[in-house]
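In what follows, a single structure is set out as structure tokens and then discussed.
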Amino acid sequence: MKTRTIGTVEVSAIGLGGMPMSIEGRPDEARSIATIHAALDAGVTFFDTADAYHLHADEVGHNETLFARAIASWGGDTSAVLVATKGGHLRPGDGSWYVDGRPEYLKEAAKASLARLGGDAIGLYQFHRPDPSVPYGDSVGAIRDLLDEGVIRMAGISNADPDQIREAQDILGGRLASVQNQFSPAFRSSEPELELCDQLGIAFLPWSPLGGIRSAGQLGDRFAPFRQVADARGVSPQVVALAWHLAKSPRVIPIPGASRPESIRDSVTAVDLELTLEEFAALDA
């Protein structure tokens with residue numbers, strides 16, 4: 001498995017996003033754990049979750065608990081595993097989402113996430129989504145405090161624009177480790193954020209890198225260049241898409257979601273697909 005860095009931590013160049021294992025349409029727990037174990041078997045050492053990845057109001061942190069259980073039950077060495085989680089986005093249990101960026105809430109949420117994940121600190125904690133009712137600097141200030149207190153080892157932000165990235169980097173005293181934004185063949189509007197992260201040396205973590213749960217399977221049908229390269233190389237269009245992400249910048253670490261072992265096994269092969277300049281240009285057009 002090839003590696004990249006988040007902050008000072010070396011992780012697998014492809015991560016695993018946990019949301020499909022805990023929200024609508026989720027599989028049974030045995031299949032989810034098998035998926036996480038398959039990722040670990042394949043050399044994945046970076047896992048992305050959030051306290052809001054759950055269905056019902058009484059199961060906040062479902063995905064965090066699932067990851068903790070799966071990683072603990074795997075038979076290999078997990079000392080290099082980095083689990084990233086997020087706070088500030090909530091689900092009341094009726095299928096809706098809302099935000100809460102109050103500093104006092106974020107601090108409580110982070111400590112609750114730590115209790116579910118275990119250990120003495122969260123490896124990477126990310127402010128999930130800006131709250132329009134709370135000054136952005138106040139929310140990021142809470143993440144800074146968690147970092148200073150040792151509750152978290154690294155700090156990140158998600159769903160941020162360039163100005164918010166710069167503000168967070170300033171508030172955190174240059175310690176912003178990651179930015180997690182939506183980016184895929186279907187959603188390229190985060191290109192400025194990706195380029196800024198590349199300039200600043202901050203890891204860029206594309207969420208829904210294959211277009212989302214409902215659309216990932218049709219990626220090759222929707223985007224002909226990805227199908228053409230896939231057919232020529234004898235791989236899936238999804239693997240081509242992840243290879244394209246990796247070729248965009250050495251700071252990019254895609255986190256495709258999966259709920260089947262076969263999916264993550266396919267995804268990780270992207271680290272070995274070296275696109276030609278012509279292929280990359282066609283995909284990036």
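Starting from 1 in every chain, residues are counted up; chains themselves are A, B, ... following the order of the structure tokens, and ligands are numbered from 1 as listed.
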Quiz item: In segment 15-254 of chain A, what's strand (DSSP E or B) per DSSP? Answer as JSON, numbers by chain?
Solution: {"A": [16, 17, 46, 47, 48, 82, 83, 84, 85, 86, 87, 89, 90, 98, 99, 122, 124, 125, 126, 127, 152, 155, 156, 157, 158, 176, 177, 178, 179, 180, 182, 184, 187, 203, 204, 207, 252]}
Can you check which parts of segment 137-174 of chain A lie within 9 Å of segment 85-100 of chain A? Per residue, the shortest pair of atoms and distance in Å to one decimal, counting only C-alpha atoms, sorted by chain and number, as a tab-separated table.
```
residue	atom	partner	partner_atom	distance
A:Ser139	CA	A:Gly88	CA	8.9
A:Gly156	CA	A:Lys86	CA	8.7
A:Ile157	CA	A:Lys86	CA	8.4
A:Ser158	CA	A:Lys86	CA	8.3
```
Quiz item: Quick one: DSSP helix (DSSP H, G or I) residues in segment 18-231 of chain A, as a PyMOL selection string?
Solution: chain A and resi 19-21+29-41+57-59+62-73+103-117+136-149+162-171+191-200+216-222+224-231
Output C-alpha atoms for every residue in that selection, as an mmCIF file, in the first residue's frame.
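Wrote it out as selection32.cif, contents follow:
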```
data_model
loop_
_atom_site.group_PDB
_atom_site.id
_atom_site.type_symbol
_atom_site.label_atom_id
_atom_site.label_comp_id
_atom_site.auth_asym_id
_atom_site.auth_seq_id
_atom_site.Cartn_x
_atom_site.Cartn_y
_atom_site.Cartn_z
ATOM 1 C CA MET A 19 -21.057 6.484 6.344
ATOM 2 C CA PRO A 20 -22.710 3.769 4.144
ATOM 3 C CA MET A 21 -22.357 1.306 7.001
ATOM 4 C CA GLU A 29 -23.094 -5.466 11.359
ATOM 5 C CA ALA A 30 -21.324 -8.665 10.294
ATOM 6 C CA ARG A 31 -20.942 -7.409 6.726
ATOM 7 C CA SER A 32 -19.781 -3.993 7.901
ATOM 8 C CA ILE A 33 -17.117 -5.519 10.116
ATOM 9 C CA ALA A 34 -16.058 -7.784 7.232
ATOM 10 C CA THR A 35 -15.703 -4.661 5.076
ATOM 11 C CA ILE A 36 -13.495 -2.918 7.624
ATOM 12 C CA HIS A 37 -11.421 -6.068 8.068
ATOM 13 C CA ALA A 38 -11.025 -6.336 4.286
ATOM 14 C CA ALA A 39 -9.731 -2.779 4.245
ATOM 15 C CA LEU A 40 -7.228 -3.544 6.994
ATOM 16 C CA ASP A 41 -6.160 -6.716 5.176
ATOM 17 C CA ALA A 57 -31.843 9.494 17.535
ATOM 18 C CA ASP A 58 -30.758 7.064 20.237
ATOM 19 C CA GLU A 59 -27.715 5.721 18.359
ATOM 20 C CA HIS A 62 -23.139 4.262 15.638
ATOM 21 C CA ASN A 63 -20.378 4.362 13.021
ATOM 22 C CA GLU A 64 -17.672 5.347 15.507
ATOM 23 C CA THR A 65 -18.604 2.392 17.717
ATOM 24 C CA LEU A 66 -18.642 0.106 14.691
ATOM 25 C CA PHE A 67 -15.133 1.131 13.663
ATOM 26 C CA ALA A 68 -13.826 0.765 17.210
ATOM 27 C CA ARG A 69 -15.266 -2.746 17.474
ATOM 28 C CA ALA A 70 -14.037 -3.833 14.041
ATOM 29 C CA ILE A 71 -10.507 -2.516 14.479
ATOM 30 C CA ALA A 72 -10.206 -4.079 17.935
ATOM 31 C CA SER A 73 -11.353 -7.455 16.621
ATOM 32 C CA PRO A 103 -17.922 25.810 21.023
ATOM 33 C CA GLU A 104 -19.398 24.220 24.136
ATOM 34 C CA TYR A 105 -21.259 21.665 22.036
ATOM 35 C CA LEU A 106 -18.210 20.776 19.923
ATOM 36 C CA LYS A 107 -16.126 20.157 23.027
ATOM 37 C CA GLU A 108 -18.771 17.877 24.501
ATOM 38 C CA ALA A 109 -19.191 16.050 21.191
ATOM 39 C CA ALA A 110 -15.455 15.466 20.820
ATOM 40 C CA LYS A 111 -15.168 13.973 24.280
ATOM 41 C CA ALA A 112 -18.146 11.713 23.595
ATOM 42 C CA SER A 113 -16.528 10.579 20.347
ATOM 43 C CA LEU A 114 -13.300 9.832 22.180
ATOM 44 C CA ALA A 115 -15.182 7.666 24.662
ATOM 45 C CA ARG A 116 -16.687 5.660 21.804
ATOM 46 C CA LEU A 117 -13.480 5.325 19.815
ATOM 47 C CA TYR A 136 -16.678 30.400 12.195
ATOM 48 C CA GLY A 137 -13.720 31.475 14.278
ATOM 49 C CA ASP A 138 -15.540 30.561 17.481
ATOM 50 C CA SER A 139 -16.198 27.024 16.240
ATOM 51 C CA VAL A 140 -12.617 26.530 15.076
ATOM 52 C CA GLY A 141 -11.444 28.022 18.364
ATOM 53 C CA ALA A 142 -13.092 25.096 20.135
ATOM 54 C CA ILE A 143 -11.146 22.686 17.915
ATOM 55 C CA ARG A 144 -7.961 24.579 18.818
ATOM 56 C CA ASP A 145 -8.761 24.217 22.503
ATOM 57 C CA LEU A 146 -9.314 20.478 22.092
ATOM 58 C CA LEU A 147 -5.942 20.261 20.362
ATOM 59 C CA ASP A 148 -4.207 22.246 23.098
ATOM 60 C CA GLU A 149 -5.866 20.119 25.797
ATOM 61 C CA PRO A 162 -10.831 29.041 0.865
ATOM 62 C CA ASP A 163 -11.417 31.921 3.279
ATOM 63 C CA GLN A 164 -12.453 29.490 6.007
ATOM 64 C CA ILE A 165 -9.373 27.365 5.340
ATOM 65 C CA ARG A 166 -7.133 30.397 5.777
ATOM 66 C CA GLU A 167 -9.017 31.491 8.907
ATOM 67 C CA ALA A 168 -8.785 28.026 10.432
ATOM 68 C CA GLN A 169 -5.081 27.809 9.654
ATOM 69 C CA ASP A 170 -4.554 31.134 11.407
ATOM 70 C CA ILE A 171 -6.671 30.257 14.472
ATOM 71 C CA GLU A 191 -11.039 22.705 -7.009
ATOM 72 C CA PRO A 192 -9.987 26.040 -5.416
ATOM 73 C CA GLU A 193 -9.904 24.404 -1.970
ATOM 74 C CA LEU A 194 -7.876 21.479 -3.307
ATOM 75 C CA GLU A 195 -5.377 23.854 -4.923
ATOM 76 C CA LEU A 196 -5.089 25.913 -1.728
ATOM 77 C CA CYS A 197 -4.445 22.789 0.344
ATOM 78 C CA ASP A 198 -1.764 21.793 -2.143
ATOM 79 C CA GLN A 199 -0.094 25.192 -1.727
ATOM 80 C CA LEU A 200 -0.309 25.139 2.081
ATOM 81 C CA ALA A 216 -21.049 5.612 -7.690
ATOM 82 C CA GLY A 217 -22.158 2.513 -9.568
ATOM 83 C CA GLN A 218 -23.058 4.565 -12.659
ATOM 84 C CA LEU A 219 -19.828 6.585 -12.774
ATOM 85 C CA GLY A 220 -18.657 4.995 -16.027
ATOM 86 C CA ASP A 221 -22.025 5.530 -17.673
ATOM 87 C CA ARG A 222 -22.147 9.190 -16.686
ATOM 88 C CA ALA A 224 -17.343 8.515 -20.795
ATOM 89 C CA PRO A 225 -13.612 9.269 -20.405
ATOM 90 C CA PHE A 226 -13.525 7.292 -17.157
ATOM 91 C CA ARG A 227 -15.209 4.333 -18.867
ATOM 92 C CA GLN A 228 -12.811 4.549 -21.814
ATOM 93 C CA VAL A 229 -9.700 4.529 -19.642
ATOM 94 C CA ALA A 230 -11.173 1.736 -17.509
ATOM 95 C CA ASP A 231 -11.872 -0.436 -20.553
#
```
Quiz item: Which distance in Å separates atom CA of Val235 of chain A and atom CA of Asp48 of chain A, to one decimal?
Solution: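 Atom CA of Asp48 of chain A lies 25.0 Å from atom CA of Val235 of chain A.
Of the residues listed (A:Thr49, A:Ser208, A:Ser22, A:Thr3), A:Thr49 shows the shortest atom-to-atom separation from Leu124 of chain A; distances use only C-alpha atoms.
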Self-check item: Contacts of segment 271-274 of chain A within 12 Å, only C-alpha atoms, excl. fewer than 3 positions in-chain, as a VMD selection string
Solution: chain A and resid 1 to 4 12 to 15 42 to 44 229 to 230 233 to 248 250 252 to 254 265 to 268 277 to 280
Practice problem: Please provide the set of residues having any atom within 7 Å of segment 118-121 of chain A, restricted to only C-alpha atoms, with same-chain residues fewer than 4 positions apart removed, written as a PyMOL selection string. | Solution: chain A and resi 114+150-153
Generate a file of the selected residues that holds C-alpha atoms, formatted as a tab-separated table (two decimals), in the first residue's frame.
```tsv
chain	number	residue	atom	x	y	z
A	114	LEU	CA	-13.30	9.83	22.18
A	150	GLY	CA	-4.74	16.87	24.16
A	151	VAL	CA	-8.26	15.57	23.55
A	152	ILE	CA	-7.34	15.39	19.85
A	153	ARG	CA	-3.97	14.90	18.17
```
Quiz prompt | Which residue of A:Ala50, A:Met154, A:Ile23, A:Val11 approaches Leu176 of chain A most closely, using only C-alpha atoms | solution =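 The answer is A:Met154, which sits nearest to Leu176 of chain A.
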Quiz item: So how far away is atom CA of Arg251 of chain A from atom CA of Ala282 of chain A, in Å?
Solution: 21.3 Å
